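The next block holds one structure in the form of structure tokens; read it before the comments.
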Amino acid sequence: MSEKTAISSISRRQFGLTAFGLSALAAGLTACGGGGGSSEGGAKTLQLVLSGDTNQGGAFAAAAKKYQEATGITIEVVDVPTADITTKLKNAATANDLPALARVTGLDPLWVNQLQDLSDIAKSRGIDENFLQESPDGIIPAIPSDLTAVGLFINKSLFDKAGVSFPTDIDNTWTWDEFVTAVNQVREKAGAKYGFVMDRSGHRLRAMMYEFGSTAFAKEGDKYAGDEQAVETLEYFQKINDDQTMPKSVWLSGEDGNAMFKSGQVAAYFSGSWQVADFNKNIKDFEWLSVPLPKKEVNATNLGGGFMIAFKDTGADEEAKKFIDWFYEDANYTEFAKQGGYLPVKDLKVEYPFQQASFELYQKQIAGNEARGDNAIKRVVAEAYADTPFSGDPLREETVKMLSGSQDAKTTVDNIVKLYNGA
């Protein structure tokens with residue numbers, strides 16, 4: 001989604017409140033929507049809207065089945081394409097037909113004020129406080145369902161063929177210059193088409209900025225700010241896009257980096273922990289490996305993940321919270337993380353049925369994270385309540401302009417700061 005700067009003086013928070021008021025008015029004019037829950041013969045059905053569960057082995061669907069067996073209450077998992085979930089929930093909010101539950105990767109100002117308070121569940125179930133963000137009203141509107149971290153994969157078969165070494169521990173990781181030299185050696189000696197590919201995402205590029213010592217547009221006071229390290233990162237990123245280290249087609253044309261790596265065309269892939277389950281299942285033609293991220297100034301990654309939320313006034317409010325409470329019970333949550341290949345957001349030891357070493361490396365990368373910027377999990381929630389009228393991914397979109405040759409790195413950083421601050 002390309003960003004659009006708001007032209008109205010109304011704030012995002014005010015817009016969410018206005019939308020809530022319109023939805024409430026609609027409720028008085030129409031019958032209650034059926035998205036939250038229905039009751040037939042005492043059996044309750046709740047919708048859980050999410051995306052990507054199939055890719056993660058149906059972990060949410062399995063949890064829903066287990067819950068139905070334990071309680072008699074049906075959790076209808078509605079798995080929609082990632083590109084469609086934002087629109088689906090916007091339309092549902094406008095029509096006063098929100099589901100009882102959702103698992104999302106971001107909160108929308110349009111419906112953020114229609115979320116239930118999950119503070120009691122977060123506390124009683126021991127969710128790590130580093131991943132909890134209060135709303136301006138002092139509630140916990142969302143609990144992370146899982147934790148992800150930006151990370152690095154290599155085509156080990158290509159590295160071995162080229163005779164190029166690589167690190168396996170973040171305590172002895174490679175620098176960015178060493179990494180770029182290594183992947184280009186693999187490209188030249190083993191016949192790879194490119195050295196490495198990075199997802200076309202500001203979230204991934206932000207991790208690289210952290211590694212260069214940037215705060216990656218953290219807030220200073222009440223304003224987002226850039227720094228010299230952000231400019232340095234973008235200059236470096238442009239350089240390796242302009243030579244054969246990276247394919248320009250991913251960032252400029254939207255070519256799928258995941259597919260490129262799985263086809264064996266590139267030596268390394270800068271993506272994240274969510275890929276482990278997919279690669280374990282779908283890469284058969286070569287050996288791959290999770291390895292430490294490169295660094296410049298510091299060891300750093302960028303965190304992410306999904307959020308469990310429960311909407312208000314769906315006709316199933318209490319039932320929705322009961323499911324979330326059950327979901328985070330240690331045994332249930334451990335089973336969920338194990339099946340889906342998810343990193344937990346509470347202090348649990350998970351024995352994964354595959355790629356245990358990959359998950360342990362990611363957890364070590366997170367524990368050793370020296371990123372100087374905002375807590376990425378908290379930032380996602382806080383931005384939904386902010387007055388700043390920006391949308392989309394300014395970091396990605398402005399970087400695309402830079403790579404196309406229309407602006408330099410300094411201008412790119414300045415433009416990103418302006419967009420974050422609503423200019």
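Residues in the structure tokens are named by chain (A, B, ... in the order shown) and by number from 1 within that chain; ligands are numbered from 1 in the order shown.
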
Which residues are close to Asp374 (chain A), i.e. within 8 Å by only C-alpha atoms, leaving aside same-chain residues fewer than 2 positions away? Reply as a PDB file with all heavy atoms, in the first residue's frame.
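Result file part_6.pdb:
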ATOM      1  N   THR A 215      18.469   5.110  14.937  1.00  0.00           N
ATOM      2  CA  THR A 215      17.245   4.883  15.712  1.00  0.00           C
ATOM      3  C   THR A 215      16.072   4.549  14.793  1.00  0.00           C
ATOM      4  O   THR A 215      14.987   4.221  15.268  1.00  0.00           O
ATOM      5  CB  THR A 215      16.857   6.123  16.545  1.00  0.00           C
ATOM      6  OG1 THR A 215      16.546   7.213  15.676  1.00  0.00           O
ATOM      7  CG2 THR A 215      17.984   6.516  17.499  1.00  0.00           C
ATOM      8  N   ALA A 218      12.832   6.869  15.304  1.00  0.00           N
ATOM      9  CA  ALA A 218      12.178   6.855  16.602  1.00  0.00           C
ATOM     10  C   ALA A 218      11.703   8.265  16.940  1.00  0.00           C
ATOM     11  O   ALA A 218      12.142   9.251  16.345  1.00  0.00           O
ATOM     12  CB  ALA A 218      13.146   6.363  17.678  1.00  0.00           C
ATOM     13  N   LYS A 219      10.791   8.348  17.898  1.00  0.00           N
ATOM     14  CA  LYS A 219      10.308   9.655  18.323  1.00  0.00           C
ATOM     15  C   LYS A 219      11.292  10.316  19.277  1.00  0.00           C
ATOM     16  O   LYS A 219      11.865   9.667  20.159  1.00  0.00           O
ATOM     17  CB  LYS A 219       8.949   9.525  19.016  1.00  0.00           C
ATOM     18  CG  LYS A 219       7.766   9.484  18.058  1.00  0.00           C
ATOM     19  CD  LYS A 219       6.453   9.619  18.797  1.00  0.00           C
ATOM     20  CE  LYS A 219       5.306   9.804  17.818  1.00  0.00           C
ATOM     21  NZ  LYS A 219       4.001   9.936  18.514  1.00  0.00           N
ATOM     22  N   ARG A 372      18.619   0.629  18.747  1.00  0.00           N
ATOM     23  CA  ARG A 372      18.497   1.876  19.501  1.00  0.00           C
ATOM     24  C   ARG A 372      17.127   2.518  19.364  1.00  0.00           C
ATOM     25  O   ARG A 372      16.826   3.491  20.050  1.00  0.00           O
ATOM     26  CB  ARG A 372      19.564   2.871  19.023  1.00  0.00           C
ATOM     27  CG  ARG A 372      20.992   2.470  19.343  1.00  0.00           C
ATOM     28  CD  ARG A 372      21.974   3.476  18.755  1.00  0.00           C
ATOM     29  NE  ARG A 372      21.643   4.839  19.125  1.00  0.00           N
ATOM     30  CZ  ARG A 372      21.873   5.907  18.383  1.00  0.00           C
ATOM     31  NH1 ARG A 372      22.436   5.758  17.182  1.00  0.00           N
ATOM     32  NH2 ARG A 372      21.560   7.114  18.794  1.00  0.00           N
ATOM     33  N   ALA A 376       9.483  -2.120  18.681  1.00  0.00           N
ATOM     34  CA  ALA A 376       8.656  -2.241  17.484  1.00  0.00           C
ATOM     35  C   ALA A 376       7.263  -2.764  17.780  1.00  0.00           C
ATOM     36  O   ALA A 376       6.295  -2.371  17.114  1.00  0.00           O
ATOM     37  CB  ALA A 376       9.349  -3.159  16.478  1.00  0.00           C
ATOM     38  N   LYS A 378       5.480  -2.366  20.629  1.00  0.00           N
ATOM     39  CA  LYS A 378       4.707  -1.282  21.246  1.00  0.00           C
ATOM     40  C   LYS A 378       4.391  -0.188  20.229  1.00  0.00           C
ATOM     41  O   LYS A 378       3.326   0.427  20.275  1.00  0.00           O
ATOM     42  CB  LYS A 378       5.489  -0.695  22.423  1.00  0.00           C
ATOM     43  CG  LYS A 378       5.625  -1.642  23.609  1.00  0.00           C
ATOM     44  CD  LYS A 378       6.258  -0.937  24.795  1.00  0.00           C
ATOM     45  CE  LYS A 378       6.269  -1.823  26.024  1.00  0.00           C
ATOM     46  NZ  LYS A 378       6.772  -1.113  27.222  1.00  0.00           N
ATOM     47  N   ARG A 379       5.321   0.056  19.313  1.00  0.00           N
ATOM     48  CA  ARG A 379       5.137   1.123  18.333  1.00  0.00           C
ATOM     49  C   ARG A 379       3.911   0.866  17.460  1.00  0.00           C
ATOM     50  O   ARG A 379       3.161   1.790  17.145  1.00  0.00           O
ATOM     51  CB  ARG A 379       6.391   1.240  17.472  1.00  0.00           C
ATOM     52  CG  ARG A 379       6.308   2.295  16.371  1.00  0.00           C
ATOM     53  CD  ARG A 379       7.659   2.470  15.691  1.00  0.00           C
ATOM     54  NE  ARG A 379       7.595   3.426  14.588  1.00  0.00           N
ATOM     55  CZ  ARG A 379       8.616   4.150  14.167  1.00  0.00           C
ATOM     56  NH1 ARG A 379       9.777   4.044  14.770  1.00  0.00           N
ATOM     57  NH2 ARG A 379       8.491   4.991  13.169  1.00  0.00           N
TER      58      ARG A 379
END

If we count only C-alpha atoms, what is near Lys312 (chain A) at a cut-off of 7 Å, once residues fewer than 5 positions away on the same chain are taken out, given as a PyMOL selection string?
-> chain A and resi 114-116+317

Tell me, as a list in words, which residues lie within 9 Å of Ser119 (chain A), counting only C-alpha atoms; anything in the same chain fewer than 4 positions away does not count.
->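 Listed by chain and then number, they are Lys123, Ser124, Glu134, Ile139, Ile140, Pro141, Ala142 and Ile143 of chain A.
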
Which residues come within 6 Å of region 281-295 of chain A, counting only C-alpha atoms, excluding same-chain residues fewer than 6 positions away, as a list in words?
->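 My list of contacting residues is Gly151, Leu152, Phe153, Ile154, Asn155, Lys156, Ser157, Thr168, Ile170, Trp174, Thr175, Trp176, Glu211 and Ser358 of chain A.
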
Using only C-alpha atoms, what does the table of region 72-146 of chain A residues within 12 Å of region 297-310 of chain A look like, with each row giving the shortest atom pair and its distance in Å to one decimal, sorted by chain and ascending number, as a Markdown table?
| residue | atom | partner | partner_atom | distance |
| --- | --- | --- | --- | --- |
| A:Thr82 | CA | A:Gly306 | CA | 12.0 |
| A:Leu98 | CA | A:Ala310 | CA | 9.6 |
| A:Pro99 | CA | A:Ala310 | CA | 8.2 |
| A:Ala100 | CA | A:Ala310 | CA | 5.7 |
| A:Leu101 | CA | A:Ala310 | CA | 4.6 |
| A:Ala102 | CA | A:Ile309 | CA | 5.5 |
| A:Arg103 | CA | A:Met308 | CA | 4.7 |
| A:Val104 | CA | A:Phe307 | CA | 5.2 |
| A:Thr105 | CA | A:Gly306 | CA | 4.4 |
| A:Gly106 | CA | A:Phe307 | CA | 7.4 |
| A:Leu107 | CA | A:Phe307 | CA | 8.6 |
| A:Asp108 | CA | A:Ile309 | CA | 11.7 |
| A:Trp111 | CA | A:Ile309 | CA | 11.1 |
| A:Val112 | CA | A:Ile309 | CA | 9.7 |
| A:Asn113 | CA | A:Ala310 | CA | 11.3 |
| A:Gln114 | CA | A:Ala310 | CA | 8.6 |
| A:Leu115 | CA | A:Ala310 | CA | 5.8 |
| A:Gln116 | CA | A:Ala310 | CA | 5.6 |
| A:Asp117 | CA | A:Ala310 | CA | 8.3 |
| A:Leu118 | CA | A:Ile309 | CA | 8.1 |
| A:Ser119 | CA | A:Ile309 | CA | 11.5 |
| A:Ile121 | CA | A:Met308 | CA | 11.3 |
| A:Ala122 | CA | A:Met308 | CA | 10.9 |
| A:Asn130 | CA | A:Leu303 | CA | 11.3 |
| A:Phe131 | CA | A:Gly304 | CA | 9.7 |
| A:Leu132 | CA | A:Phe307 | CA | 10.3 |
| A:Gln133 | CA | A:Phe307 | CA | 11.4 |
| A:Ile140 | CA | A:Ile309 | CA | 9.7 |
| A:Pro141 | CA | A:Ile309 | CA | 6.7 |
| A:Ala142 | CA | A:Ile309 | CA | 5.1 |
| A:Ile143 | CA | A:Phe307 | CA | 5.3 |
| A:Pro144 | CA | A:Phe307 | CA | 4.1 |
| A:Ser145 | CA | A:Phe307 | CA | 4.9 |
| A:Asp146 | CA | A:Gly305 | CA | 5.4 |

Could you please take those selected residues and save N, CA and C atoms as a tab-separated table (two decimals), in the first residue's frame?
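That gives us out-v1.tsv:
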chain	number	residue	atom	x	y	z
A	82	THR	N	-3.68	-12.02	3.12
A	82	THR	CA	-3.05	-10.92	3.86
A	82	THR	C	-3.41	-9.56	3.27
A	98	LEU	N	-18.45	-6.24	12.99
A	98	LEU	CA	-17.13	-6.74	13.33
A	98	LEU	C	-17.21	-8.14	13.92
A	99	PRO	N	-16.20	-8.95	13.70
A	99	PRO	CA	-16.17	-10.28	14.31
A	99	PRO	C	-15.90	-10.18	15.80
A	100	ALA	N	-16.10	-11.26	16.50
A	100	ALA	CA	-15.80	-11.27	17.92
A	100	ALA	C	-14.30	-11.18	18.16
A	101	LEU	N	-13.53	-11.83	17.29
A	101	LEU	CA	-12.08	-11.96	17.48
A	101	LEU	C	-11.35	-11.72	16.18
A	102	ALA	N	-10.10	-11.29	16.30
A	102	ALA	CA	-9.23	-11.19	15.12
A	102	ALA	C	-7.79	-11.34	15.55
A	103	ARG	N	-6.99	-11.83	14.63
A	103	ARG	CA	-5.55	-11.84	14.81
A	103	ARG	C	-5.00	-10.96	13.69
A	104	VAL	N	-4.37	-9.85	14.04
A	104	VAL	CA	-3.95	-8.84	13.07
A	104	VAL	C	-2.47	-8.52	13.28
A	105	THR	N	-1.87	-7.92	12.27
A	105	THR	CA	-0.48	-7.49	12.39
A	105	THR	C	-0.38	-5.99	12.63
A	106	GLY	N	-1.51	-5.30	12.65
A	106	GLY	CA	-1.53	-3.87	12.94
A	106	GLY	C	-2.94	-3.47	13.36
A	107	LEU	N	-3.03	-2.39	14.13
A	107	LEU	CA	-4.32	-1.87	14.56
A	107	LEU	C	-4.71	-0.69	13.68
A	108	ASP	N	-6.00	-0.57	13.40
A	108	ASP	CA	-6.50	0.47	12.50
A	108	ASP	C	-7.22	1.55	13.30
A	111	TRP	N	-11.09	1.33	13.83
A	111	TRP	CA	-11.79	0.48	14.79
A	111	TRP	C	-11.03	0.30	16.12
A	112	VAL	N	-9.93	1.00	16.28
A	112	VAL	CA	-9.11	0.76	17.48
A	112	VAL	C	-9.87	1.09	18.76
A	113	ASN	N	-10.82	2.02	18.70
A	113	ASN	CA	-11.59	2.37	19.90
A	113	ASN	C	-12.75	1.42	20.15
A	114	GLN	N	-12.85	0.38	19.35
A	114	GLN	CA	-13.88	-0.63	19.55
A	114	GLN	C	-13.30	-1.93	20.10
A	115	LEU	N	-12.10	-1.83	20.68
A	115	LEU	CA	-11.45	-3.02	21.21
A	115	LEU	C	-11.69	-3.17	22.71
A	116	GLN	N	-11.83	-4.40	23.13
A	116	GLN	CA	-11.98	-4.69	24.55
A	116	GLN	C	-10.65	-4.57	25.28
A	117	ASP	N	-10.72	-4.37	26.59
A	117	ASP	CA	-9.54	-4.29	27.44
A	117	ASP	C	-9.10	-5.71	27.80
A	118	LEU	N	-7.86	-6.04	27.45
A	118	LEU	CA	-7.33	-7.38	27.73
A	118	LEU	C	-6.28	-7.35	28.85
A	119	SER	N	-6.29	-6.29	29.64
A	119	SER	CA	-5.27	-6.12	30.68
A	119	SER	C	-5.25	-7.28	31.66
A	121	ILE	N	-6.13	-10.39	31.28
A	121	ILE	CA	-5.57	-11.60	30.68
A	121	ILE	C	-4.06	-11.49	30.54
A	122	ALA	N	-3.59	-10.34	30.07
A	122	ALA	CA	-2.16	-10.13	29.90
A	122	ALA	C	-1.41	-10.33	31.21
A	130	ASN	N	7.41	-6.28	27.99
A	130	ASN	CA	8.11	-5.58	26.92
A	130	ASN	C	7.30	-5.53	25.63
A	131	PHE	N	6.27	-6.38	25.54
A	131	PHE	CA	5.48	-6.47	24.32
A	131	PHE	C	4.05	-5.98	24.51
A	132	LEU	N	3.80	-5.26	25.60
A	132	LEU	CA	2.46	-4.75	25.88
A	132	LEU	C	2.46	-3.23	25.86
A	133	GLN	N	1.49	-2.64	25.15
A	133	GLN	CA	1.39	-1.19	25.04
A	133	GLN	C	-0.02	-0.76	25.45
A	140	ILE	N	-5.11	-2.33	27.81
A	140	ILE	CA	-4.31	-3.14	26.90
A	140	ILE	C	-5.26	-3.62	25.80
A	141	PRO	N	-5.23	-2.99	24.62
A	141	PRO	CA	-6.21	-3.34	23.58
A	141	PRO	C	-5.81	-4.55	22.76
A	142	ALA	N	-4.55	-4.99	22.85
A	142	ALA	CA	-4.06	-6.08	22.01
A	142	ALA	C	-2.93	-6.80	22.72
A	143	ILE	N	-2.94	-8.12	22.63
A	143	ILE	CA	-1.85	-8.93	23.17
A	143	ILE	C	-1.17	-9.63	21.99
A	144	PRO	N	0.14	-9.54	21.88
A	144	PRO	CA	0.79	-10.25	20.78
A	144	PRO	C	0.46	-11.74	20.80
A	145	SER	N	0.07	-12.26	19.66
A	145	SER	CA	-0.22	-13.69	19.56
A	145	SER	C	1.08	-14.47	19.38
A	146	ASP	N	2.07	-13.82	18.85
A	146	ASP	CA	3.34	-14.47	18.54
A	146	ASP	C	4.38	-13.39	18.32

If we count only C-alpha atoms, what is near Tyr194 (chain A) at a cut-off of 6 Å, once residues fewer than 5 positions away on the same chain are taken out, given as a PyMOL selection string?
-> chain A and resi 187+245-246+266

Taking N, CA and C atoms for each residue, export the selection above as a PDB file, in the first residue's frame.
ATOM      1  N   ARG A 187      28.091 -15.950  -5.401  1.00  0.00           N
ATOM      2  CA  ARG A 187      27.490 -15.660  -6.711  1.00  0.00           C
ATOM      3  C   ARG A 187      28.481 -15.974  -7.835  1.00  0.00           C
ATOM      4  N   THR A 245      24.839  -7.359  -6.380  1.00  0.00           N
ATOM      5  CA  THR A 245      24.652  -7.986  -5.076  1.00  0.00           C
ATOM      6  C   THR A 245      23.179  -8.319  -4.851  1.00  0.00           C
ATOM      7  N   MET A 246      22.289  -7.368  -5.176  1.00  0.00           N
ATOM      8  CA  MET A 246      20.856  -7.553  -4.976  1.00  0.00           C
ATOM      9  C   MET A 246      20.105  -7.384  -6.300  1.00  0.00           C
ATOM     10  N   VAL A 266      19.444 -17.158  -5.375  1.00  0.00           N
ATOM     11  CA  VAL A 266      20.228 -16.219  -4.574  1.00  0.00           C
ATOM     12  C   VAL A 266      20.904 -16.943  -3.413  1.00  0.00           C
TER      13      VAL A 266
END

Helix (DSSP H, G or I) positions in region 236-273 of chain A, given as a PyMOL selection string = chain A and resi 236-242+248-253+257-262+273

Which of these, A:Ser263, A:Asn184, A:Ser135, A:Ser51, has the shortest distance to Ile240 (chain A) once you count only C-alpha atoms?
->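 Residue with the minimum atom-to-atom distance to Ile240 (chain A): A:Asn184.
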
Point-to-point distance from CA of Phe323 (chain A) to CA of Ala59 (chain A), Å rounded to tenths = 14.8 Å

Between A:Asp325, A:Glu398, A:Asp199, A:Asp53, which has the minimum distance to Glu255 (chain A) (counting only C-alpha atoms)?
->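 Closest residue, counting only C-alpha atoms: A:Asp199.
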
Leaving out Leu343 (chain A) and any residue of its chain fewer than 3 positions from it, which residues lie within 7 Å of it when counting only C-alpha atoms, given as an MDAnalysis selection string?
-> chainID A and resid 146:148 337

Check region 185-330 of chain A with DSSP on the backbone and list each residue it calls strand (DSSP E or B), as a ChimeraX atom specification.
-> /A:194-198,219-220,223-224,266-272,288-291,295,303-304,307-311

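Using only C-alpha atoms, the shortest contact distance between Glu335 (chain A) and any of A:His203, A:Lys239, A:Arg125, A:Lys349 is found at A:Lys349.
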
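When only C-alpha atoms are used to measure the gap to Trp274 (chain A), the shortest distance among A:Val345, A:Val180, A:Val231, A:Val150 belongs to A:Val150.
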
Which of these, A:Gln363, A:Lys66, A:Gly272, A:Gly221, has the shortest distance to Ala331 (chain A) once you count only C-alpha atoms?
->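 Nearest to Ala331 (chain A): A:Lys66.
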
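Closest approach to Gly341 (chain A) from the set A:Gln56, A:Gln47, A:Ser253, A:Asn258 is made by A:Gln56, with distances taken over only C-alpha atoms.
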